[in-house]
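Data block for work_15.cif (mmCIF, C-alpha atoms):
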data_entry
loop_
_atom_site.label_atom_id
_atom_site.label_comp_id
_atom_site.auth_asym_id
_atom_site.auth_seq_id
_atom_site.Cartn_x
_atom_site.Cartn_y
_atom_site.Cartn_z
CA MET T 699 55.64 146.81 103.67
CA THR T 700 51.96 146.34 102.97
CA LYS T 701 49.60 144.51 105.28
CA ALA T 702 49.51 141.59 102.85
CA HIS T 703 53.21 141.04 103.39
CA ALA T 704 53.05 141.13 107.17
CA ILE T 705 52.82 137.36 107.53
CA PRO T 706 53.16 136.31 111.16
CA ASN T 707 56.31 134.30 111.87
CA ILE T 708 54.85 131.48 113.90
CA PRO T 709 52.48 129.85 111.39
CA LYS T 710 55.25 129.46 108.77
CA GLN T 711 57.67 127.95 111.24
CA ALA T 712 54.91 125.73 112.58
CA HIS T 713 54.12 124.71 109.02
CA ARG T 714 57.77 123.77 108.45
CA MET T 715 57.86 121.75 111.64
CA LEU T 716 54.60 119.99 110.75
CA THR T 717 55.95 119.11 107.30
CA MET T 718 59.08 117.68 108.92
CA LEU T 719 57.05 115.67 111.42
CA ILE T 720 54.87 114.20 108.67
CA ALA T 721 58.00 113.35 106.64
CA CYS T 722 59.58 111.67 109.69
CA TRP T 723 56.40 109.73 110.38
CA LEU T 724 56.25 108.55 106.76
CA ILE T 725 59.91 107.47 106.88
CA ILE T 726 59.47 105.54 110.13
CA ALA T 727 56.20 103.99 108.96
CA SER T 728 57.62 102.87 105.63
CA SER T 729 60.86 101.61 107.20
CA SER T 730 58.86 99.25 109.41
CA ILE T 731 57.14 97.64 106.44
CA ASN T 732 59.04 94.57 105.32
CA ALA T 733 56.93 94.03 102.23
CA TYR T 734 59.68 95.06 99.84
CA GLU T 735 63.05 93.41 99.31
CA VAL T 736 66.01 95.32 100.67
CA GLY T 737 69.11 95.63 98.48
CA SER T 738 72.19 93.42 98.83
CA ARG T 739 74.94 95.97 99.46
CA LEU T 740 76.55 96.11 102.89
CA LEU T 741 75.20 98.23 105.74
CA ALA T 742 76.08 101.95 105.56
CA THR T 743 77.53 101.72 102.02
CA GLY T 744 74.90 104.14 100.70
CA GLY T 745 76.08 106.81 103.09
CA VAL T 746 73.29 109.14 104.13
CA THR T 747 71.51 111.86 102.16
CA GLN T 748 73.33 115.16 102.06
CA ILE T 749 71.49 118.48 102.22
CA GLU T 750 70.86 118.70 98.48
CA GLY T 751 69.35 115.22 98.28
CA SER T 752 72.29 113.23 96.91
CA ALA T 753 73.83 110.24 98.66
CA GLY T 754 76.81 111.37 100.73
CA SER T 755 77.34 112.77 104.20
CA GLY T 756 75.88 115.85 105.86
CA ILE T 757 76.90 118.54 103.40
CA VAL T 758 78.98 116.69 100.77
CA PRO T 759 77.76 114.45 97.92
CA TRP T 760 79.79 111.24 97.65
CA ALA T 761 80.34 108.86 94.74
CA VAL T 762 78.10 106.25 96.39
CA LEU T 763 74.54 105.47 95.33
CA PRO T 764 71.61 105.85 97.76
CA GLY T 765 70.18 102.81 99.53
CA TYR T 766 71.35 99.24 99.15
CA GLY T 767 70.66 98.18 95.57
CA GLN T 768 73.51 96.26 93.94
CA LYS T 769 73.85 95.65 90.20
CA ASP T 770 70.47 94.41 88.84
CA GLU T 771 68.71 95.82 91.90
CA TRP T 772 67.02 99.07 92.89
CA GLY T 773 67.75 101.11 95.97
CA GLY T 774 66.52 104.36 97.40
CA GLU T 775 66.19 106.75 100.28
CA ALA T 776 63.70 109.21 101.71
CA PHE T 777 65.01 111.82 104.10
CA ALA T 778 64.06 114.66 106.40
CA THR T 779 66.81 116.93 107.71
CA TYR T 780 66.65 119.85 110.07
CA VAL T 781 69.46 122.29 110.82
CA ASN T 782 69.18 124.94 113.50
CA THR T 783 71.81 127.66 113.82
CA ASP T 784 71.97 130.78 115.97
CA ASP T 785 69.79 132.86 113.63
CA TYR T 786 68.34 130.48 111.06
CA ASP T 787 66.68 127.13 110.58
CA LEU T 788 66.90 124.97 107.49
CA SER T 789 64.41 122.20 106.73
CA MET T 790 64.80 119.68 103.94
CA VAL T 791 62.84 116.71 102.68
CA GLY T 792 63.49 114.57 99.64
CA VAL T 793 63.62 111.22 97.95
CA SER T 794 66.14 109.42 95.77
CA VAL T 795 66.35 106.18 93.86
CA ALA T 796 69.33 104.22 92.60
CA ILE T 797 69.11 101.99 89.56
CA ASN T 798 71.56 99.09 89.16
CA ASN T 799 73.98 100.69 91.64
CA ARG T 800 74.81 102.94 88.69
CA VAL T 801 72.39 105.89 88.35
CA GLU T 802 70.94 108.05 91.12
CA LEU T 803 67.89 110.26 90.64
CA SER T 804 67.03 112.65 93.47
CA LEU T 805 64.51 115.34 94.31
CA ALA T 806 64.63 117.57 97.39
CA THR T 807 63.20 120.80 98.68
CA GLN T 808 64.97 123.14 101.07
CA ILE T 809 63.37 125.86 103.19
CA LEU T 810 65.49 128.38 105.05
CA GLY T 811 63.71 130.34 107.79
CA ILE T 812 65.03 133.90 107.82
CA ASP T 813 62.85 135.50 110.50
CA SER T 814 65.97 137.00 112.11
CA ILE T 815 66.72 139.20 109.09
CA ALA T 816 63.35 139.47 107.34
CA GLN T 817 61.88 142.18 109.61
CA PRO T 818 65.03 144.22 110.36
CA LEU T 819 65.86 144.41 106.65
CA GLY T 820 62.23 144.80 105.56
CA LEU T 821 62.39 141.74 103.31
CA PRO T 822 59.21 140.70 101.48
CA ASP T 823 59.38 137.13 102.78
CA ASN T 824 60.63 135.29 105.86
CA GLU T 825 61.38 132.03 104.06
CA LEU T 826 63.71 131.10 101.22
CA LYS T 827 62.75 127.99 99.31
CA GLN T 828 64.25 125.98 96.51
CA THR T 829 63.88 122.66 94.75
CA VAL T 830 66.89 120.54 93.80
CA ALA T 831 66.71 117.81 91.18
CA GLY T 832 69.80 115.67 90.86
CA VAL T 833 71.29 112.97 88.68
CA LYS T 834 74.45 111.07 89.55
CA VAL T 835 76.17 108.40 87.48
CA LYS T 836 78.84 106.05 88.75
CA LEU T 837 81.72 106.12 86.28
CA PHE T 838 83.96 103.37 87.67
CA GLY T 839 85.31 101.73 90.79
CA ASP T 840 83.75 100.34 93.92
CA LEU T 841 83.65 101.95 97.35
CA ILE T 842 85.10 98.82 99.01
CA TYR T 843 86.36 96.24 96.54
CA THR T 844 88.55 98.04 94.03
CA THR T 845 91.95 99.63 94.53
CA LEU T 846 90.74 102.76 92.80
CA PRO T 847 88.03 104.73 94.56
CA GLN T 848 84.43 104.75 93.36
CA VAL T 849 84.10 107.76 91.08
CA SER T 850 80.82 109.41 90.08
CA LEU T 851 79.73 112.44 88.11
CA GLY T 852 76.69 114.38 89.28
CA ILE T 853 74.54 117.35 88.42
CA GLN T 854 72.13 119.26 90.63
CA TYR T 855 69.54 121.53 89.04
CA LYS T 856 68.33 124.12 91.54
CA LYS T 857 65.39 126.50 91.25
CA ASN T 858 64.20 129.16 93.70
CA THR T 859 60.47 129.10 94.46
CA ASP T 860 60.47 132.89 94.86
CA PHE T 861 63.22 135.17 93.61
CA ASP T 862 62.22 138.43 95.43
CA VAL T 863 64.68 138.13 98.34
CA PRO T 864 67.62 136.68 96.33
CA ALA T 865 67.17 139.49 93.79
CA LEU T 866 67.36 142.11 96.56
CA THR T 867 70.67 140.63 97.74
CA GLY T 868 72.19 141.04 94.28
CA ALA T 869 71.76 137.52 92.90
CA LYS T 870 71.53 137.34 89.12
CA ASP T 871 69.50 134.18 88.52
CA ASP T 872 66.71 132.19 90.18
CA HIS T 873 68.09 128.87 88.94
CA GLY T 874 71.40 127.19 88.32
CA VAL T 875 73.13 123.91 87.69
CA ASP T 876 75.94 122.47 89.82
CA PHE T 877 78.30 119.88 88.34
CA TYR T 878 80.40 117.71 90.60
CA LEU T 879 82.89 114.88 90.40
CA ALA T 880 83.18 112.74 93.53
CA ALA T 881 85.70 110.05 94.48
CA THR T 882 84.99 107.91 97.55
CA LYS T 883 86.97 105.05 99.05
CA LEU T 884 86.55 102.92 102.15
CA TRP T 885 89.64 101.10 103.41
CA LEU T 886 88.37 98.11 105.38
CA SER T 887 91.48 97.52 107.46
CA GLY T 888 91.71 101.29 107.97
CA ILE T 889 93.48 102.19 111.17
CA ASN T 890 93.96 98.98 113.14
CA GLY T 891 90.78 97.46 111.77
CA TYR T 892 88.63 100.58 112.04
CA PRO T 893 87.58 101.25 108.41
CA ILE T 894 88.46 104.68 107.11
CA LEU T 895 86.45 106.51 104.49
CA LEU T 896 87.82 109.34 102.39
CA ASN T 897 85.84 111.42 99.93
CA THR T 898 86.87 114.23 97.64
CA THR T 899 84.37 116.19 95.60
CA VAL T 900 85.05 118.96 93.12
CA ARG T 901 82.08 121.16 92.27
CA SER T 902 81.41 123.82 89.67
CA THR T 903 78.68 126.18 90.86
CA LYS T 904 77.21 129.68 90.90
CA ALA T 905 74.91 128.97 93.85
CA ASN T 906 74.84 131.43 96.77
CA GLN T 907 74.27 129.62 100.09
CA LEU T 908 73.40 126.38 98.26
CA GLY T 909 71.26 128.45 95.88
CA LEU T 910 68.82 129.64 98.53
CA LEU T 911 70.15 133.16 97.86
CA GLY T 912 70.00 132.70 94.11
CA PHE T 913 72.78 132.16 91.59
CA GLY T 914 75.64 134.43 90.58
CA GLY T 915 75.94 137.91 92.01
CA ASP T 916 77.05 141.51 91.74
CA LEU T 917 80.59 140.61 92.93
CA ASP T 918 81.05 137.57 90.74
CA ASP T 919 78.73 136.08 88.15
CA SER T 920 81.05 133.32 86.96
CA ARG T 921 81.29 129.69 87.99
CA SER T 922 83.49 128.78 90.95
CA ILE T 923 85.42 125.52 91.13
CA LEU T 924 85.20 124.40 94.72
CA PHE T 925 86.59 121.59 96.87
CA GLU T 926 84.55 119.47 99.24
CA GLY T 927 85.91 116.69 101.43
CA SER T 928 84.84 114.13 103.99
CA VAL T 929 86.78 111.82 106.25
CA GLY T 930 85.09 109.17 108.35
CA VAL T 931 85.69 106.14 110.50
CA LEU T 932 83.36 103.18 111.08
CA LEU T 933 83.47 102.92 114.86
CA ARG T 934 81.11 99.98 114.66
CA ARG T 935 79.48 98.19 111.76
CA ASP T 936 76.49 100.53 112.19
CA LEU T 937 78.18 103.74 113.37
CA LEU T 938 80.03 106.21 111.17
CA LEU T 939 81.83 109.19 112.68
CA GLY T 940 83.03 111.80 110.25
CA PHE T 941 83.98 115.32 109.33
CA ASP T 942 82.90 117.32 106.28
CA TYR T 943 84.40 120.43 104.77
CA ARG T 944 82.81 122.36 101.93
CA GLN T 945 84.20 125.40 100.16
CA LYS T 946 81.64 128.03 99.19
CA PRO T 947 81.62 130.75 96.58
CA ASP T 948 81.44 134.45 97.50
CA ASN T 949 79.37 136.19 94.84
CA LEU T 950 77.32 138.77 96.74
CA SER T 951 78.63 142.12 98.00
CA PHE T 952 75.90 142.60 100.63
CA ALA T 953 77.28 139.81 102.83
CA LYS T 954 80.23 137.47 102.66
CA GLU T 955 79.76 133.72 102.39
CA ASP T 956 81.97 131.31 104.36
CA ASP T 957 83.09 127.72 103.94
CA TRP T 958 81.02 125.14 105.81
CA MET T 959 82.01 122.23 107.99
CA ASP T 960 80.45 119.69 110.27
CA LEU T 961 81.31 116.84 112.58
CA PHE T 962 78.73 114.09 112.18
CA ILE T 963 77.76 110.71 113.55
CA ALA T 964 75.45 108.45 111.56
CA TRP T 965 73.76 105.40 113.04
CA PHE T 966 72.40 102.62 110.82
CA PRO T 967 70.27 100.37 113.08
CA ASN T 968 69.28 98.39 109.97
CA LYS T 969 69.08 98.77 106.19
CA HIS T 970 65.70 100.51 106.47
CA LEU T 971 66.69 103.38 108.71
CA SER T 972 69.49 105.77 109.58
CA ILE T 973 69.76 108.70 111.94
CA THR T 974 72.46 111.34 111.62
CA GLY T 975 73.37 114.00 114.13
CA ALA T 976 75.96 116.69 113.50
CA TRP T 977 77.47 119.85 114.82
CA THR T 978 77.78 122.42 112.04
CA GLU T 979 79.91 125.52 111.60
CA LEU T 980 78.40 127.52 108.74
CA GLY T 981 80.21 130.82 109.21
CA ASP T 982 78.55 134.10 108.24
CA ILE T 983 75.19 133.81 106.50
CA ALA T 984 73.45 136.87 105.03
CA GLY T 985 75.13 139.21 107.48
CA LYS T 986 74.63 137.11 110.61
CA LYS T 987 78.00 136.15 112.09
CA ASN T 988 79.37 132.69 112.94
CA GLN T 989 76.33 130.52 112.46
CA SER T 990 76.81 127.27 114.29
CA GLY T 991 74.31 124.73 115.46
CA PHE T 992 72.96 121.22 115.30
CA TYR T 993 71.91 119.07 112.39
CA ILE T 994 69.59 116.10 112.64
CA SER T 995 68.54 113.82 109.82
CA LEU T 996 66.20 110.85 109.64
CA GLU T 997 66.33 108.57 106.64
CA GLY T 998 64.48 105.58 105.35
CA SER T 999 66.16 103.35 102.78
CA PHE T 1000 65.85 100.10 100.89
CA MET Y 1429 84.42 130.05 110.03
CA LYS Y 1430 86.81 130.66 112.89
CA LEU Y 1431 90.30 129.15 112.93
CA GLU Y 1432 90.04 127.94 116.52
CA ASN Y 1433 86.97 125.92 115.53
CA LEU Y 1434 88.88 124.19 112.75
CA ASN Y 1435 91.74 123.52 115.16
CA SER Y 1436 89.52 121.87 117.75
CA PHE Y 1437 87.82 119.79 115.02
CA THR Y 1438 91.22 118.61 113.74
CA TYR Y 1439 92.39 117.88 117.29
CA LEU Y 1440 89.27 115.78 117.96
CA ILE Y 1441 89.76 113.74 114.80
CA VAL Y 1442 93.49 113.14 115.34
CA LEU Y 1443 92.76 112.15 118.94
CA SER Y 1444 90.07 109.65 117.96
CA PHE Y 1445 92.34 108.10 115.32
CA VAL Y 1446 95.25 107.77 117.75
CA SER Y 1447 93.03 106.13 120.37
CA LEU Y 1448 91.94 103.57 117.79
CA SER Y 1449 95.46 102.50 116.82
CA ILE Y 1450 96.76 100.82 119.97
CA ASN Y 1451 97.14 97.07 119.41
CA ALA Y 1452 99.25 93.92 119.95
CA ASP Y 1453 97.90 90.49 118.77
CA THR Y 1454 98.16 88.71 115.40
CA LEU Y 1455 94.97 88.40 113.38
CA TYR Y 1456 94.86 84.60 113.71
CA THR Y 1457 94.83 84.99 117.51
CA GLU Y 1458 92.26 87.81 117.29
CA LEU Y 1459 89.97 85.50 115.29
CA GLY Y 1460 90.12 82.96 118.14
CA GLY Y 1461 92.61 80.61 116.49
CA SER Y 1462 91.45 77.46 114.68
CA GLU Y 1463 88.45 77.14 117.01
CA GLY Y 1464 87.18 80.66 116.31
CA ILE Y 1465 87.76 80.33 112.57
CA ASN Y 1466 85.98 76.96 112.44
CA LYS Y 1467 83.06 78.40 114.40
CA LEU Y 1468 82.60 81.36 112.05
CA VAL Y 1469 83.01 79.33 108.84
CA THR Y 1470 80.62 76.60 110.00
CA LYS Y 1471 78.04 79.26 110.88
CA ALA Y 1472 78.49 81.09 107.56
CA VAL Y 1473 77.99 77.89 105.55
CA GLU Y 1474 74.97 76.92 107.63
CA VAL Y 1475 73.31 80.34 107.19
CA SER Y 1476 74.12 80.38 103.45
CA HIS Y 1477 72.20 77.12 103.04
CA ALA Y 1478 69.22 78.71 104.81
CA ASP Y 1479 69.26 81.98 102.83
CA GLN Y 1480 66.97 81.50 99.83
CA ARG Y 1481 68.79 84.22 97.89
CA ILE Y 1482 72.06 82.26 97.71
CA ALA Y 1483 71.20 78.73 98.93
CA PHE Y 1484 71.29 77.39 95.35
CA LEU Y 1485 75.00 78.27 95.15
CA PHE Y 1486 75.69 75.81 97.99
CA GLU Y 1487 73.34 73.04 96.83
CA ASP Y 1488 76.03 70.75 95.44
CA SER Y 1489 78.75 71.54 97.97
CA ASP Y 1490 80.41 69.01 100.25
CA ASP Y 1491 80.02 71.07 103.43
CA GLU Y 1492 82.67 69.29 105.45
CA GLU Y 1493 85.26 69.81 102.71
CA LEU Y 1494 84.08 73.39 102.09
CA ILE Y 1495 84.44 74.32 105.78
CA ILE Y 1496 87.97 72.85 105.87
CA GLN Y 1497 88.97 74.67 102.68
CA ILE Y 1498 87.67 78.09 103.78
CA SER Y 1499 89.01 77.68 107.33
CA ASP Y 1500 92.49 76.76 106.05
CA GLN Y 1501 92.43 79.71 103.73
CA ILE Y 1502 91.46 82.14 106.51
CA CYS Y 1503 94.06 80.57 108.82
CA PHE Y 1504 96.70 81.03 106.13
CA LEU Y 1505 95.68 84.63 105.33
CA SER Y 1506 95.65 85.63 109.01
CA ASP Y 1507 99.21 84.34 109.51
CA GLY Y 1508 98.08 81.21 111.35
CA PRO Y 1509 99.98 77.89 111.28
CA CYS Y 1510 98.32 76.59 108.09
CA GLU Y 1511 99.19 75.99 104.49
CA TYR Y 1512 96.43 76.64 101.99
CA ASP Y 1513 96.78 74.15 99.16
CA GLY Y 1514 93.31 74.58 97.67
CA GLN Y 1515 92.43 75.44 94.12
CA ASP Y 1516 92.56 78.94 92.65
CA MET Y 1517 89.54 81.06 93.48
CA ASP Y 1518 88.52 81.57 89.85
CA GLU Y 1519 88.69 77.82 89.20
CA VAL Y 1520 86.58 76.98 92.24
CA HIS Y 1521 83.86 79.44 91.22
CA SER Y 1522 84.04 78.75 87.51
CA GLY Y 1523 80.61 78.30 85.94
CA MET Y 1524 78.76 79.52 89.04
CA GLU Y 1525 78.21 83.02 87.63
CA ILE Y 1526 78.04 84.59 91.08
CA THR Y 1527 76.63 88.11 90.86
CA GLU Y 1528 77.75 91.23 92.73
CA ALA Y 1529 74.54 91.02 94.79
CA GLU Y 1530 75.08 87.36 95.73
CA PHE Y 1531 78.67 88.14 96.69
CA ASP Y 1532 77.54 90.98 98.99
CA ILE Y 1533 74.88 88.76 100.57
CA PHE Y 1534 77.57 86.19 101.39
CA VAL Y 1535 79.89 88.88 102.80
CA ALA Y 1536 77.08 90.08 105.09
CA ILE Y 1537 76.55 86.48 106.23
CA VAL Y 1538 80.29 86.17 106.97
CA ILE Y 1539 80.18 89.40 109.00
CA ASP Y 1540 77.20 88.07 110.98
CA ALA Y 1541 79.06 84.79 111.51
CA MET Y 1542 82.12 86.65 112.82
CA GLU Y 1543 79.87 88.52 115.24
CA TYR Y 1544 78.40 85.16 116.26
CA ALA Y 1545 81.95 83.88 116.89
CA ASP Y 1546 82.59 86.91 119.16
CA ILE Y 1547 85.20 88.41 116.83
CA SER Y 1548 85.67 92.14 117.42
CA HIS Y 1549 84.76 94.87 114.92
CA SER Y 1550 88.41 95.67 114.19
CA SER Y 1551 89.44 92.01 113.74
CA ARG Y 1552 86.42 91.44 111.47
CA ASN Y 1553 87.50 94.30 109.24
CA LYS Y 1554 91.10 93.12 109.08
CA LEU Y 1555 89.90 89.76 107.82
CA LEU Y 1556 87.44 91.34 105.39
CA ALA Y 1557 90.27 93.46 104.03
CA LEU Y 1558 92.23 90.26 103.28
CA LEU Y 1559 89.23 88.59 101.62
CA ALA Y 1560 87.99 91.61 99.63
CA PRO Y 1561 90.63 91.42 96.84
CA MET Y 1562 89.35 87.91 95.96
CA ARG Y 1563 86.06 89.37 94.73
CA GLU Y 1564 87.31 89.79 91.18
CA GLU Y 1565 88.21 86.06 91.02
CA ILE Y 1566 84.85 85.02 92.47
CA ILE Y 1567 82.14 87.06 90.74
CA ASN Y 1568 80.98 86.57 87.16
CA GLN Y 1569 83.08 83.43 86.60
#
What do you get writing this file as C-alpha cells?
Amino acid sequence: MTKAHAIPNIPKQAHRMLTMLIACWLIIASSSINAYEVGSRLLATGGVTQIEGSAGSGIVPWAVLPGYGQKDEWGGEAFATYVNTDDYDLSMVGVSVAINNRVELSLATQILGIDSIAQPLGLPDNELKQTVAGVKVKLFGDLIYTTLPQVSLGIQYKKNTDFDVPALTGAKDDHGVDFYLAATKLWLSGINGYPILLNTTVRSTKANQLGLLGFGGDLDDSRSILFEGSVGVLLRRDLLLGFDYRQKPDNLSFAKEDDWMDLFIAWFPNKHLSITGAWTELGDIAGKKNQSGFYISLEGSF
Amino acid sequence: MKLENLNSFTYLIVLSFVSLSINADTLYTELGGSEGINKLVTKAVEVSHADQRIAFLFEDSDDEELIIQISDQICFLSDGPCEYDGQDMDEVHSGMEITEAEFDIFVAIVIDAMEYADISHSSRNKLLALLAPMREEIINQ
C-alpha cells in the first residue's frame, strides 16, 4: 500500500458519526416544527424505514407507504440508522416521500466501516459505500381495512461509490437492481386485542451484503429469489415489537454470506417521530464470524 | 447465523404471545358497559365537531340522536344487551362523500375517545376490529 492509501481510521469513523449526528439533529429539529400538515393515516401505519430506505421494519421492506399521507395527501420520512456489530459498523441516512398513499420514492446512502478487515487484508479502503434509490407502488389492499393484505411492488437501484474492494472480493458489478413484492397485513383484534402484523416479501437480487460488496460473484452471477418476513405485535398504540428474517444470497467464494435477523422495538411518540432499537444477528460478514450487535434508528415523518 | 440464536428468538416471541392471550370478560363489559360506551361516543362526537378537518361532516347532525345510534351499534356489536335498529351504513353516509383521509381522522378521534374513557389497548382494538369492516360502506358514498 502506498502512503496515499494509508488513511487513518479515526477521521473516517468520526466523519461518519458526525454525519449521523447532523442527520439526527435535522430530524429532531424538523419533527418539532408544526408548520406542515401531518397525514391522516393512523399512528405507526407507515412502519419505519428499513436499511435500504424503504418503508418497512429494520431489514425488510413492507407493502406500506412511508409517513402518514392518505389518498390525496403526501407523506414522507427522513431517517438515520446506525448498526454496530462485533467487527463492523453500518451508518445509513435517507429520505422518502409517499404520494397519495400509492407511490413511494426513496433515496438512501449506506456506509459500512471495515477497519477490522481493511488493514489485515491490505484493502485499498476502510469504508464501503453505496447509494440506493427506490420506487414502490401499492398494487391493492389496505394494511388494516381489507381482508386481503396490502400488496406492493418495489425496486431498489443500488450503486457502489467505489468498486475497488468489491472487485477484489470477486463481485462482478458495481450496481444492481433488486425487485421485490411485499404483502403486509395488520389484524386489529390480533391475539386477545393485541394487533398482530405479518409481512412477507419476496426479492430478486444479485446484491452481496445488501450490495455493499458489489453485485453477482465468482460463485454465482445469477439472480437469487429470496424470502424475507416480519412478524410484529402492537404492545401499545405507539409501541411495535417485532422480529425480522431476511434470506441472503451467497455469490462470493472468498467468504460465505448468512441470512439476517433482528428483534426490534419501535416507539412512535407522535406522527413526527419514531425511534427503533433492535438486536441483530447478521451471521458471517466478509470472513468475520457471527456478527451480532445493536441497531438504532431515528426517524422523522409527516 | 447460529441455530441456538434462532431458537431463543422463537422462544421469546412465543412466550410474549402466550402472555398476551390470557383473558376473561366480554367486550361490552371491557368497554365499561353502557356508561363507558356513552362516554366514548359523546367525546368522539364532541371532538369531531371541534376538528376543522372533519367538522363539516357533522354540521347537520342531531348530536343526541347520533350518540344514541352509535352507542346502540357499539353495544350491539360488543355483545351487549342492545338491539341496533338503525339504518344501513351506506344509506346513512349516502351523499357525504367521506374520503379515506376523513375516515382515518375519525378513527383516530375514536381511539383518543376510548383512551379518554379509560378503555384498555386490547379492548380498543377488539372494538376497532368490529368497526373496521364498515369502512367500505362509509367511504366514497
(message) Using the chain letters and numbers from this file, what does the PyMOL selection byres ((chain Y) within 7 of (chain T)) select? Give the answer as a ChimeraX atom specification.
(response) /Y:1429,1448-1449,1528-1529,1532-1533,1536,1549-1551,1553-1554,1556-1557,1560-1561
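Minimum atom-to-atom distances from T:Trp772, T:Phe777, T:Phe952, T:Phe1000 to Ile725 of chain T were compared using only C-alpha atoms, and the lowest value belongs to T:Phe777.
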(request) List, as an NGL selection string, every residue that the PyMOL selection byres ((chain Y and resi 1509) around 10) selects in the file provided. (result) :Y and (1456 or 1461-1462 or 1500 or 1503-1508 or 1510-1511)
(request) Counting only C-alpha atoms, find the residues whose atoms lie at most 6 Å from (65.3, 114.0, 94.2) (file coordinates) and write them out as a PyMOL selection string. (result) chain T and resi 751+792-794+803-806+831-832
(request) For atom CA of Asp784 of chain T and atom CA of Gln907 of chain T, quote the distance in Å rounded to one decimal. (result)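 Between these atoms lies a distance of 16.1 Å.
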(message) Could you tell me how far atom CA of Val758 of chain T sits from atom CA of Phe925 of chain T, in Å to one decimal place?
(response)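 A separation of 9.9 Å between them.
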(message) Report, in Å with one decimal, the straight-line distance from atom CA of Ala1483 of chain Y to atom CA of Met1524 of chain Y.
(response) 12.5 Å
(request) Run the PyMOL selection byres ((chain T and resi 866) around 12) mentally over the shown coordinates, then write out the matched residues as a ChimeraX atom specification, using the chain letters and numbers from the document. (result) /T:816,819-823,860-865,867-872,911-912,915-916,950-953,984
